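Visitor: The following block contains the structure, expressed as structure tokens.
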Amino acid sequence: MFEYAPAPESRDVVDLQPSYGLFIDGEFTDGSGAPFKTINPATEETLAEVATASEADVDRAVRAARRAFGTWSAMPGSERAKYLFRIARIIQERSRELAVLETLDNGKPIREARDVDLPLVAAHFFYHAGWADKLDHAGYGPDPRPLGVAGQVIPWNFPLLMLSWKIAPALACGNTVVLKPAETTPLTALLFAEICRQAELPPGVVNIVTGAGETGAAVVNHPDVDKVAFTGSTEVGRLIARGVAGSGKKVTLELGGKAANIIFDDAAIDQAVEGVVDGIFFNQGHVCCAGSRLLVQESIADELLEALKRRLSRLRIGDPLDKNTDIGAINSAEQLARVRELSAVGEAEGAERWSPACELPDRGFWFPPTIFTNVAQSHRIARDEVFGPVLAMLTFRTPAEAVEKANNTPYGLSAGVWTEKGSRILWMAERLRAGVVWANTFNKFDPASPFGGYKESGYGREGGRHGLEAYLDV
Amino acid sequence: MTTPLADVASSDATLRAFLHGLPGVDRVGADQRAAMLGTRSVKATAKAEAVDLAIRMVDLTTLEGADTPGKVRAMCAKAVHPDPSDPSVPKVAAVCVYPDLVALAVDALAGSGVKVASVATAFPSGRSSLDVKVADTALAVAAGADEIDMVIDRGAFLSGDYAKVFEEIAAIKAACARPGDGHDAHLKVILETGELATYDNVRRASWLAMLAGADFIKTSTGKVQPAATPPVTLIMLEAVRDFLAATGRKVGVKPAGGIRTTKDAIKMLVLVNETVGEGWLDPDWFRLGASTLLNDLLMQRQKMATGRYAGPDYFTLD
């Protein structure tokens, strides 16, 4: 067998500090809560100690953002654009450093951090920098006004990318932000804070407060926050929606998903198999729009399953910093426990479980790529979001049945359709209740394309012209 | 041939129905997969192994109007001893020449284990009658060629006359036989993917060639651009994998044209490794058709051994 020698990316490009503070009003400051540790999920080694923002710290951050809002929102769009372009360029220049840090803190393979996350992060800043002086032409009337201070809470699956989805449009539209990164992945957000200083962004325009759920609650419930943006679980999304109801705050929520990836018998099979792999095993399945339900036309189900198993046997699992790794570590012990629990339920309910033979590292949080067959719509693995590398395979007989099964979920974030027949793609896309429908591809993102959900997957859109609405007083 | 697909070529209609019934190839997805595999980082011991394997897979080629006996003799010497300063360098798989130079190459390589391949069938355009193509092949086979690299009739393929392409390949396959000693020449079928234009056509032409008896399917003549691109090689590897599963017969793959650097060659080996696996990581089943690649492989090999790059004058130009 042709074995690739280890090809680890160097850790030395990152200057890890032993402890990190909060970023408020352009300065790094201590938090008044008890600091917490952030670890490398691939090794369980402690990377750094990070400050916890108390309610008082969050209040300081919101007041700083409020002070900065006056000058930032009054600044001509073309001037705001200069800052955003500068940030985008610094992100590109420091992309290797950011990618390595993201991989260390999150557990995702360096190949994905380097080739997917970082290019998209820079693209989001470039794209929204372009909008800053063109908001008159965004379709919201002449001179649309910003909302004020945006309180933003982001998840751990794409730490820096979710930060860019939140901060870039907010700043382009003239808002200032207080952002809380997830407690398991705060480090790239804090390196981003350093980039804001490097770009000489006026103090208070971007504030980063770290901590767990309580800090997040303090951000979204602060009375002087005008806009709440959250990406994360449907459970927390519900809490937030309840908390801000009646407060006059504008809210966008991007929540869970249980996307159907639908393969017709006339699909390009080899590419469909790649699409299934990208759909559910990309980022260890820690993707809200992951194609976690595979719907295959019954006439090709056996053939497709065999091809999929063969392909899974070639996935390379292990050290996320190795440039040849395809599947990295599960982000936390807590998430690993959830993936294990739901997989055990899948077996108990009678579905058949399969994973390729693979050696998992002794330390760290790992779960092998897994396929469940003989899955029924009523099984929990076909209904609950696993948020891990676990695929539930179901079959269908007709296009109408495919649509019916795909839509039979409380979620509606994304869907995929695989067929060489163009008219069928359009027929399906009209009927699928999902914010994004990918045709003959999956998990493709672009800052110009709006992203968001139906039903329990949330509301509001991020990206594109439509995404600007969430940060404008319209 | 008694395979599960024996009836496919029984008529023009069945052949056509079969080829058009093959799953399509999505260009975007195929390009993306090949590009992803192109990011594999092959270093250290893995690179050393890959370089030696690549050298053993090279079909050292000269196909110029200006080829002379002297040129071919020099190339044959290089094929046996690629690096005169280092006897540990393995021999290449074969040399590839025009039919009239086969006898000379056979003589120069006698006893070395390096095979002689010859292009034939009105190479590179394939624009002649079947009689001429068979005679061209017979000339090379009679001169002692171990392998015949034929071209398909792209005009017939693109006009949908699959039966004509099939029959030509079958006729050339028959001309490769040496009834006397039982040592038939191996048939490599060149699809000239740069002229087939679509990936769907590449997949269909691959199956057509394999059904007609090809021992190897080869991307290109080297005279047309684009030649051996990674996505095209990927699609052909998928075709031999699926053909083996369907018929039990294993067919080799030879990308040729445009593979100039060690990096290009290693990308090809990665494609093989992650598409069809180690069963094809052998000169019997995978070849690299190239003329300038060998010196770059030698340069990288020496760099790994000594830690320094030697200048181009330290590698022979043959």
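So you can find residues: chains in the structure tokens are A, B, ... in the order shown, residues in each start at 1, and ligands are numbered from 1 in order.
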Which of region 204-280 of chain B counts as strand (DSSP E) under DSSP, as number ranges by chain please?

Guide: B: 216-218, 252-254

Visitor: Export, as a PDB file, in the first residue's frame, the selected residues with N, CA, C and O atoms.

Guide:
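Writing the result to result17.pdb gives the following:
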```
ATOM      1  N   PHE B 216      -4.874  -2.046 -21.963  1.00  0.00           N
ATOM      2  CA  PHE B 216      -4.635  -0.769 -21.301  1.00  0.00           C
ATOM      3  C   PHE B 216      -5.518   0.264 -21.982  1.00  0.00           C
ATOM      4  O   PHE B 216      -5.756   0.169 -23.185  1.00  0.00           O
ATOM      5  N   ILE B 217      -5.967   1.270 -21.226  1.00  0.00           N
ATOM      6  CA  ILE B 217      -6.538   2.447 -21.887  1.00  0.00           C
ATOM      7  C   ILE B 217      -5.624   3.623 -21.578  1.00  0.00           C
ATOM      8  O   ILE B 217      -5.123   3.772 -20.475  1.00  0.00           O
ATOM      9  N   LYS B 218      -5.393   4.409 -22.617  1.00  0.00           N
ATOM     10  CA  LYS B 218      -4.395   5.477 -22.536  1.00  0.00           C
ATOM     11  C   LYS B 218      -5.055   6.794 -22.903  1.00  0.00           C
ATOM     12  O   LYS B 218      -5.890   6.844 -23.803  1.00  0.00           O
ATOM     13  N   GLY B 252      -5.345  -1.981 -17.549  1.00  0.00           N
ATOM     14  CA  GLY B 252      -4.421  -0.967 -17.053  1.00  0.00           C
ATOM     15  C   GLY B 252      -4.753   0.424 -17.571  1.00  0.00           C
ATOM     16  O   GLY B 252      -5.568   0.589 -18.483  1.00  0.00           O
ATOM     17  N   VAL B 253      -4.108   1.423 -16.981  1.00  0.00           N
ATOM     18  CA  VAL B 253      -4.343   2.819 -17.379  1.00  0.00           C
ATOM     19  C   VAL B 253      -3.003   3.493 -17.626  1.00  0.00           C
ATOM     20  O   VAL B 253      -2.039   3.285 -16.890  1.00  0.00           O
ATOM     21  N   LYS B 254      -2.949   4.294 -18.698  1.00  0.00           N
ATOM     22  CA  LYS B 254      -1.727   5.043 -18.994  1.00  0.00           C
ATOM     23  C   LYS B 254      -2.050   6.490 -19.329  1.00  0.00           C
ATOM     24  O   LYS B 254      -2.505   6.773 -20.425  1.00  0.00           O
TER      25      LYS B 254
END
```

Visitor: Quick one: everything within 8 Å of Ala267 (chain A), counting only C-alpha atoms, minus sequence neighbours fewer than 3 positions away in the same chain. Send it as a list of chain:residue names.

Guide: A:Ile263, A:Phe264, A:Ala272, A:Trp418, A:Thr419, A:Glu420, B:Pro23, B:Gly24

Visitor: Work out how far CA of Trp285 (chain B) is from CA of Asn324 (chain A), in Å to one decimal.

Guide: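 Straight-line distance from CA of Asn324 (chain A) to CA of Trp285 (chain B) works out to 25.2 Å.
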
Visitor: Please return, as a ChimeraX atom specification, all residues of chain A lying within 6 Å of chain B when only C-alpha atoms are considered.

Guide: /A:1,4-5,268,271,324

Visitor: Tell me, as JSON, numbers by chain, which residues lie within 8 Å of Gly458 (chain A), counting only C-alpha atoms; anything in the same chain fewer than 5 positions away does not count.

Guide: {"A": [234, 237, 252, 253, 254, 255, 256, 452, 453]}

Visitor: Can you spit out the residues from that selection as a PDB file, in the first residue's frame, using N, CA, C and O atoms?

Guide:
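Contents of the output file result_5.pdb:
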```pdb
ATOM      1  N   THR A 234     -31.235  24.653  18.021  1.00  0.00           N
ATOM      2  CA  THR A 234     -32.635  25.088  18.016  1.00  0.00           C
ATOM      3  C   THR A 234     -33.120  25.322  19.442  1.00  0.00           C
ATOM      4  O   THR A 234     -33.888  26.247  19.703  1.00  0.00           O
ATOM      5  N   GLY A 237     -31.868  28.596  20.488  1.00  0.00           N
ATOM      6  CA  GLY A 237     -32.558  29.562  19.639  1.00  0.00           C
ATOM      7  C   GLY A 237     -33.940  29.884  20.176  1.00  0.00           C
ATOM      8  O   GLY A 237     -34.381  31.044  20.185  1.00  0.00           O
ATOM      9  N   THR A 252     -32.212  37.481  14.158  1.00  0.00           N
ATOM     10  CA  THR A 252     -32.060  36.426  13.152  1.00  0.00           C
ATOM     11  C   THR A 252     -31.477  35.204  13.855  1.00  0.00           C
ATOM     12  O   THR A 252     -30.593  35.321  14.700  1.00  0.00           O
ATOM     13  N   LEU A 253     -32.019  34.047  13.502  1.00  0.00           N
ATOM     14  CA  LEU A 253     -31.602  32.796  14.124  1.00  0.00           C
ATOM     15  C   LEU A 253     -31.246  31.809  13.022  1.00  0.00           C
ATOM     16  O   LEU A 253     -32.029  31.606  12.092  1.00  0.00           O
ATOM     17  N   GLU A 254     -30.080  31.236  13.145  1.00  0.00           N
ATOM     18  CA  GLU A 254     -29.704  30.178  12.188  1.00  0.00           C
ATOM     19  C   GLU A 254     -29.438  28.949  13.034  1.00  0.00           C
ATOM     20  O   GLU A 254     -28.474  28.895  13.779  1.00  0.00           O
ATOM     21  N   LEU A 255     -30.363  27.966  12.940  1.00  0.00           N
ATOM     22  CA  LEU A 255     -30.388  26.885  13.917  1.00  0.00           C
ATOM     23  C   LEU A 255     -30.035  25.537  13.284  1.00  0.00           C
ATOM     24  O   LEU A 255     -29.261  25.480  12.354  1.00  0.00           O
ATOM     25  N   GLY A 256     -30.647  24.494  13.793  1.00  0.00           N
ATOM     26  CA  GLY A 256     -30.258  23.149  13.374  1.00  0.00           C
ATOM     27  C   GLY A 256     -30.799  22.757  12.011  1.00  0.00           C
ATOM     28  O   GLY A 256     -31.494  23.518  11.347  1.00  0.00           O
ATOM     29  N   GLY A 452     -30.044  30.503   5.041  1.00  0.00           N
ATOM     30  CA  GLY A 452     -30.921  30.557   6.209  1.00  0.00           C
ATOM     31  C   GLY A 452     -31.978  29.490   6.101  1.00  0.00           C
ATOM     32  O   GLY A 452     -32.018  28.753   5.120  1.00  0.00           O
ATOM     33  N   GLY A 453     -32.851  29.388   7.132  1.00  0.00           N
ATOM     34  CA  GLY A 453     -33.722  28.228   7.184  1.00  0.00           C
ATOM     35  C   GLY A 453     -35.211  28.493   7.097  1.00  0.00           C
ATOM     36  O   GLY A 453     -35.678  29.627   7.158  1.00  0.00           O
TER      37      GLY A 453
END
```

Visitor: So which bits of region 97-294 of chain B end up alpha helix (DSSP H) when you DSSP the backbone, as number ranges by chain?

Guide: B: 102-109, 130-142, 154-158, 162-175, 193-196, 199-211, 230-247, 262-275, 293-294

Visitor: When distances are computed from only C-alpha atoms, which of B:Met236, B:Leu158, B:Ala13, B:Ile148 shows the smallest separation from Ile172 (chain B)?

Guide: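 For Ile172 (chain B), the nearest of the candidates is B:Ile148.
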
Visitor: Smallest atom-to-atom distance to Leu130 (chain B): which of B:Val240, B:Ile152, B:Ala145, B:Ala212, using only C-alpha atoms?

Guide: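 Looking only at the distances to Leu130 (chain B), the closest residue turns out to be B:Ile152.
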
Visitor: Skip region 298-308 of chain B itself and residues of its chain fewer than 3 positions away, then list as a PyMOL selection string all residues within 9 Å of it, counting only C-alpha atoms.

Guide: chain B and resi 44+47-48+51-52+55+82-83+86+89+262+293-295+311-312+314-315

Visitor: What's the 12 Å shell around Glu469 (chain A), counting only C-alpha atoms, without same-chain residues fewer than 6 positions away, as a PyMOL selection string?

Guide: chain A and resi 135+138-141+144-147+169-170+172-173+227+250-252+450+460-463

Visitor: Excluding same-chain residues fewer than 5 positions from Leu98 (chain A), what lies within 8 Å of it counting only C-alpha atoms, as a ChimeraX atom specification?

Guide: /A:14,91,118,188,191
